[in-house]
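Only one structure is covered here, and it is reproduced in the block below.
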Amino acid sequence: MLINEELTLLIKSKYPVVFFECIDEEYVLSQLRMLAFELDMVCYQWSITEGLSRGVNQGEYYQTKDPALALKTILDFFRENNKESGLFILKDFQKYLENDIILRLFRDLMNCVRGTKSTIILLGAEYKIPKDIEPETAHIIGGYPEEQEISSLLDPIIQEITINHPQVKVSLKPEDIQNIITGLKGLSLQQIRNVLYRSALDDNLISGKDLSNIEKYKRELFDQQGLLEFYPAENKDNLANFDNLKKWLAERKDAFAKERDNKSSPVPPPKGVLIMGVQGCGKSLAIKIIAKEFSLPLYRIDIARMYSKYVGETEQNLLKALKTAERLAPLCLWIDEIEKGLATSGGDVDGGVSQRLLGTFLTWMQERKTTCFVAATANNVYRLPPELLRKGRFDEIFFVELPDLKTRETLFKIHLKKRGISPDKFNCKLLAESSPDFNGAEIEQAIISAFYCASKTNKEIETKDIIEQLRSTKPLAVLKQEDISELRQWAKERTISA
């Protein structure tokens, strides 16, 4: 649902207070003014520096820079039986609600607004309000242009850049423009301007190559917030085996292409997959291949990092991360080791936090309208809640087995190529035969260890060096033989082999 549509619904539902969390204040203000006009509401706005004013370019009401006097002035509007419906936009007002008198006045105002056609909008960069008013306060995150608006803004910004910096040349194909528009989604208007200027002045050229700069900018931005991490996708040639998953992706690839091109399709795009199995067998790499095959940017969410010692803040962190993912859509949302964040503790250990997190996440999975493909991995299936595994949550559940002989041979070739060495110099079949029960991570580590040992004597790495490292290692499948055997038995009737 678009932010304006969501806000309109909240106003018509007679919520007395809506907290609008945003970073681009001017853009949001312009949107709110247009919305007030469409709903035939008078738009009031307040800030500590400008006081309370009506409409645009109007003087402030007398002495209303003081938060308490501003609330008293608004209260007078209602007590005088004012029939006029108003949209009261209060900037950064959450900071002043820590004062007991101002909080009491605000609650009095809420009592007056309740049931009327008026609404109070708290506008701020960070959602934080007292528990006294939280139950009756709606919370939305917005202020980010949709693709259609970005498309209309792109040409004027590019023209502005070339006028101010004549040395900048433009070389954009139609497909480059669409990729850049999609890449800019999730950024505020000012952030869009910043990244376009930065990309253009970096090499005095605006081209399809700027997409990598946009992705880098977004990676830096969201890493700072600590909610989502951007990851580069991987080519499927780097993934050994996984034939069933690759086939599954190929069959559904067109659905995402049609969704991006706004073409009708008899079936909706897939919602997500859960990949579980033995550790170190390529589950995380498979997620990166999914993003590549569906041509989606990949963002990772770590639910375990959402936990906070403050009551209610953990759920708010998760909601904020999911809202951020929605504004970045279409995207592939990677949840690594999902059982660590949504374990079946029953709420006994953590005071019910994990259960509330699970409820929040399941509701979002069911109700989300945007194209967020959820790709989750799990190692311990016994810690996964049954609600998460039922049909409809994920389109498919894949199980990753230990690599067989042929797959291990392919893995040795892949990891040698990654280090700039031709696999033809090695007996990869012998290496595969020498590594029964080894997973992909252990095979890679054996090659790396062989490199270190060979570097001491300044000689080139050979097959026997890798075999020596394999013989000195006890694979996880041997150390945890009982656990892996139990996992295989569980997956036999419940999942599809990847």
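By convention in this document, the chains of the structure tokens carry letters A, B, ... by their order, each chain's residues are numbered from 1, and ligands are numbered from 1 in the order they are shown.
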
Would you list the contacts of Arg219 in chain A as a list in words, taking every protein, DNA or RNA residue within 10 Å and counting only C-alpha atoms, but skipping same-chain residues closer than 4 positions in sequence? Asn213, Ile214, Glu215, Asp223, Gln224, Leu228, Glu229, Phe230, Tyr231, Pro232 and Tyr299 of chain A

Using DSSP on the backbone coordinates, identify the residues of range 334-491 of chain A assigned to strand (DSSP E or B); present them as a PyMOL selection string. chain A and resi 334-335+372-378+391+394+396-400

Any chance you could export the current selection's N, CA and C atoms as a PDB file, in the first residue's frame?
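Contents of part_16.pdb, as written:
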```pdb
ATOM      1  N   TRP A 334      17.062 -11.863   2.609  1.00  0.00           N
ATOM      2  CA  TRP A 334      17.777 -13.045   3.082  1.00  0.00           C
ATOM      3  C   TRP A 334      17.757 -13.074   4.605  1.00  0.00           C
ATOM      4  N   ILE A 335      17.217 -14.158   5.155  1.00  0.00           N
ATOM      5  CA  ILE A 335      17.203 -14.351   6.609  1.00  0.00           C
ATOM      6  C   ILE A 335      18.066 -15.567   6.901  1.00  0.00           C
ATOM      7  N   CYS A 372       8.598  -8.797  -2.136  1.00  0.00           N
ATOM      8  CA  CYS A 372       9.743  -9.142  -1.289  1.00  0.00           C
ATOM      9  C   CYS A 372       9.867 -10.660  -1.298  1.00  0.00           C
ATOM     10  N   PHE A 373      10.842 -11.186  -2.016  1.00  0.00           N
ATOM     11  CA  PHE A 373      11.058 -12.623  -2.036  1.00  0.00           C
ATOM     12  C   PHE A 373      11.883 -12.989  -0.807  1.00  0.00           C
ATOM     13  N   VAL A 374      11.315 -13.781   0.082  1.00  0.00           N
ATOM     14  CA  VAL A 374      11.981 -14.152   1.325  1.00  0.00           C
ATOM     15  C   VAL A 374      12.760 -15.451   1.114  1.00  0.00           C
ATOM     16  N   ALA A 375      14.064 -15.393   1.321  1.00  0.00           N
ATOM     17  CA  ALA A 375      14.923 -16.569   1.194  1.00  0.00           C
ATOM     18  C   ALA A 375      15.595 -16.804   2.543  1.00  0.00           C
ATOM     19  N   ALA A 376      15.190 -17.868   3.218  1.00  0.00           N
ATOM     20  CA  ALA A 376      15.686 -18.132   4.566  1.00  0.00           C
ATOM     21  C   ALA A 376      16.517 -19.409   4.593  1.00  0.00           C
ATOM     22  N   THR A 377      17.480 -19.453   5.507  1.00  0.00           N
ATOM     23  CA  THR A 377      18.269 -20.667   5.724  1.00  0.00           C
ATOM     24  C   THR A 377      18.090 -21.121   7.174  1.00  0.00           C
ATOM     25  N   ALA A 378      18.266 -22.422   7.390  1.00  0.00           N
ATOM     26  CA  ALA A 378      18.159 -22.972   8.749  1.00  0.00           C
ATOM     27  C   ALA A 378      19.078 -24.174   8.874  1.00  0.00           C
ATOM     28  N   LYS A 391       2.444 -25.121   4.936  1.00  0.00           N
ATOM     29  CA  LYS A 391       2.317 -24.733   3.532  1.00  0.00           C
ATOM     30  C   LYS A 391       1.715 -23.334   3.413  1.00  0.00           C
ATOM     31  N   PHE A 394       6.184 -20.532   2.854  1.00  0.00           N
ATOM     32  CA  PHE A 394       7.197 -20.551   1.798  1.00  0.00           C
ATOM     33  C   PHE A 394       6.661 -21.367   0.628  1.00  0.00           C
ATOM     34  N   GLU A 396       8.424 -23.273  -1.240  1.00  0.00           N
ATOM     35  CA  GLU A 396       9.054 -24.594  -1.208  1.00  0.00           C
ATOM     36  C   GLU A 396      10.098 -24.649  -0.109  1.00  0.00           C
ATOM     37  N   ILE A 397      10.309 -25.862   0.433  1.00  0.00           N
ATOM     38  CA  ILE A 397      11.365 -26.099   1.414  1.00  0.00           C
ATOM     39  C   ILE A 397      12.355 -27.081   0.806  1.00  0.00           C
ATOM     40  N   PHE A 398      13.605 -26.625   0.674  1.00  0.00           N
ATOM     41  CA  PHE A 398      14.655 -27.457   0.075  1.00  0.00           C
ATOM     42  C   PHE A 398      15.598 -27.956   1.168  1.00  0.00           C
ATOM     43  N   PHE A 399      16.093 -29.177   0.972  1.00  0.00           N
ATOM     44  CA  PHE A 399      17.062 -29.743   1.903  1.00  0.00           C
ATOM     45  C   PHE A 399      18.400 -29.934   1.190  1.00  0.00           C
ATOM     46  N   VAL A 400      19.476 -29.465   1.824  1.00  0.00           N
ATOM     47  CA  VAL A 400      20.812 -29.555   1.253  1.00  0.00           C
ATOM     48  C   VAL A 400      21.564 -30.708   1.905  1.00  0.00           C
TER      49      VAL A 400
END
```

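A straight line drawn from CA of Phe438 in chain A to CA of Lys283 in chain A is 15.0 Å long.
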
Dump as a Markdown table the rows for residues of range 177-220 of chain A within 9 Å of range 318-328 of chain A: closest atom pair and distance in Å with one decimal, only C-alpha atoms counted, ordered by chain and rising residue number.
```
| residue | atom | partner | partner_atom | distance |
| --- | --- | --- | --- | --- |
| A:Thr182 | CA | A:Leu328 | CA | 8.8 |
| A:Gly183 | CA | A:Leu328 | CA | 8.5 |
| A:Leu184 | CA | A:Leu328 | CA | 8.6 |
| A:Lys185 | CA | A:Leu328 | CA | 5.6 |
| A:Gly186 | CA | A:Leu328 | CA | 4.4 |
| A:Leu187 | CA | A:Leu328 | CA | 8.1 |
```

Please provide as a PyMOL selection string all residues within 9 Å of Ala70 in chain A, with the sequence filter that same-chain residues fewer than 4 positions apart are discarded (counting only C-alpha atoms). chain A and resi 46+51-52+61+63-66+74-75

Point-to-point distance from CA of Val478 in chain A to CA of Ser449 in chain A, Å rounded to tenths: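 Those two atoms sit 20.0 Å apart.
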
Pick the closest to Phe77 in chain A from A:Arg107, A:Leu90, A:Tyr44, A:Pro268: which is it, counting only C-alpha atoms?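 Among the listed residues, A:Tyr44 lies closest to Phe77 in chain A.
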
Minimum-distance residue to Gln489 in chain A, chosen among A:Gly277, A:His415, A:Gly392, A:Glu409 (using only C-alpha atoms):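 Ranked by minimum distance to Gln489 in chain A, first place goes to A:Gly277.
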
Among listed residues A:Asp176, A:Pro16, A:Gly208, A:Ser30, nearest Thr116 in chain A (using only C-alpha atoms):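 Once distances to Thr116 in chain A are computed over only C-alpha atoms, the minimum belongs to A:Pro16.
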
Can you pull out every residue within 7 Å of range 289-295 of chain A, counting only C-alpha atoms, but drop anything in the same chain fewer than 5 positions away, and send it as a PyMOL selection string? chain A and resi 233-236+249+253+256+332

Output C-alpha atoms for every residue in the selection just made, as a tab-separated table (two decimals), in the first residue's frame.
```
chain	number	residue	atom	x	y	z
A	233	ALA	CA	24.57	-11.65	-5.89
A	234	GLU	CA	26.52	-14.65	-7.24
A	235	ASN	CA	26.56	-16.45	-10.56
A	236	LYS	CA	25.00	-19.93	-10.55
A	249	LEU	CA	14.31	-20.86	-10.20
A	253	LYS	CA	12.18	-16.44	-13.45
A	256	PHE	CA	9.48	-11.65	-11.77
A	332	CYS	CA	15.33	-10.63	-2.16
```

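Of the residues listed (A:Pro385, A:Lys218, A:Ala286, A:Thr49), A:Pro385 shows the shortest atom-to-atom separation from Leu362 in chain A; distances use only C-alpha atoms.
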
Shell around Ala68 in chain A at 9 Å using only C-alpha atoms, local window under 5 positions removed, as a PyMOL selection string: chain A and resi 73+101-102+105-106

Store the residues of this selection in a file with C-alpha atoms, as a compact mmCIF listing (two decimals), in the first residue's frame.
```txt
# COMPACT_ATOMS: atom_id res chain seq x y z
CA THR A 73 -4.13 26.97 21.24
CA ILE A 101 2.72 18.80 31.79
CA ILE A 102 3.07 18.69 28.00
CA LEU A 105 -1.95 18.52 27.62
CA PHE A 106 -1.32 16.22 24.66
```

Contact table range 272-340 of chain A vs range 365-371 of chain A, cut-off 8 Å, shortest pair per residue, only C-alpha atoms, as CSV:
```
residue,atom,partner,partner_atom,distance
A:Glu326,CA,A:Thr370,CA,6.1
A:Ala329,CA,A:Thr371,CA,5.7
A:Pro330,CA,A:Thr371,CA,4.8
A:Leu331,CA,A:Thr371,CA,6.8
```

Could you write out, as a PyMOL selection string, all the residues of range 37-279 of chain A that DSSP marks as helix (DSSP H, G or I)? chain A and resi 37-38+67-79+93-98+100-113+134-136+147-164+174-184+189-203+210-225+236-238+243-260

I need the residue nearest Thr495 in chain A from this list: A:Leu245, A:Ile467, A:Ile447, A:Leu358. Use only C-alpha atoms for the distance.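 The shortest atom-to-atom distance to Thr495 in chain A comes from A:Leu245.
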
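Shell of Ile466 in chain A at 12 Å, with only C-alpha atoms counted and residues fewer than 5 places along the chain excluded, is Phe412, Leu416, Phe426, Asn427, Cys428, Leu430, Leu431, Ala432, Ser434, Ser435, Glu442, Ile443, Glu444, Gln445, Ala446, Ile447, Ile448, Ser449, Ala450, Phe451, Tyr452, Cys453, Ala454, Glu460, Ile461, Arg471, Ser472 and Thr473 of chain A.
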
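In this model, the gap between CA of Arg193 in chain A and CA of Leu227 in chain A comes to 23.2 Å.
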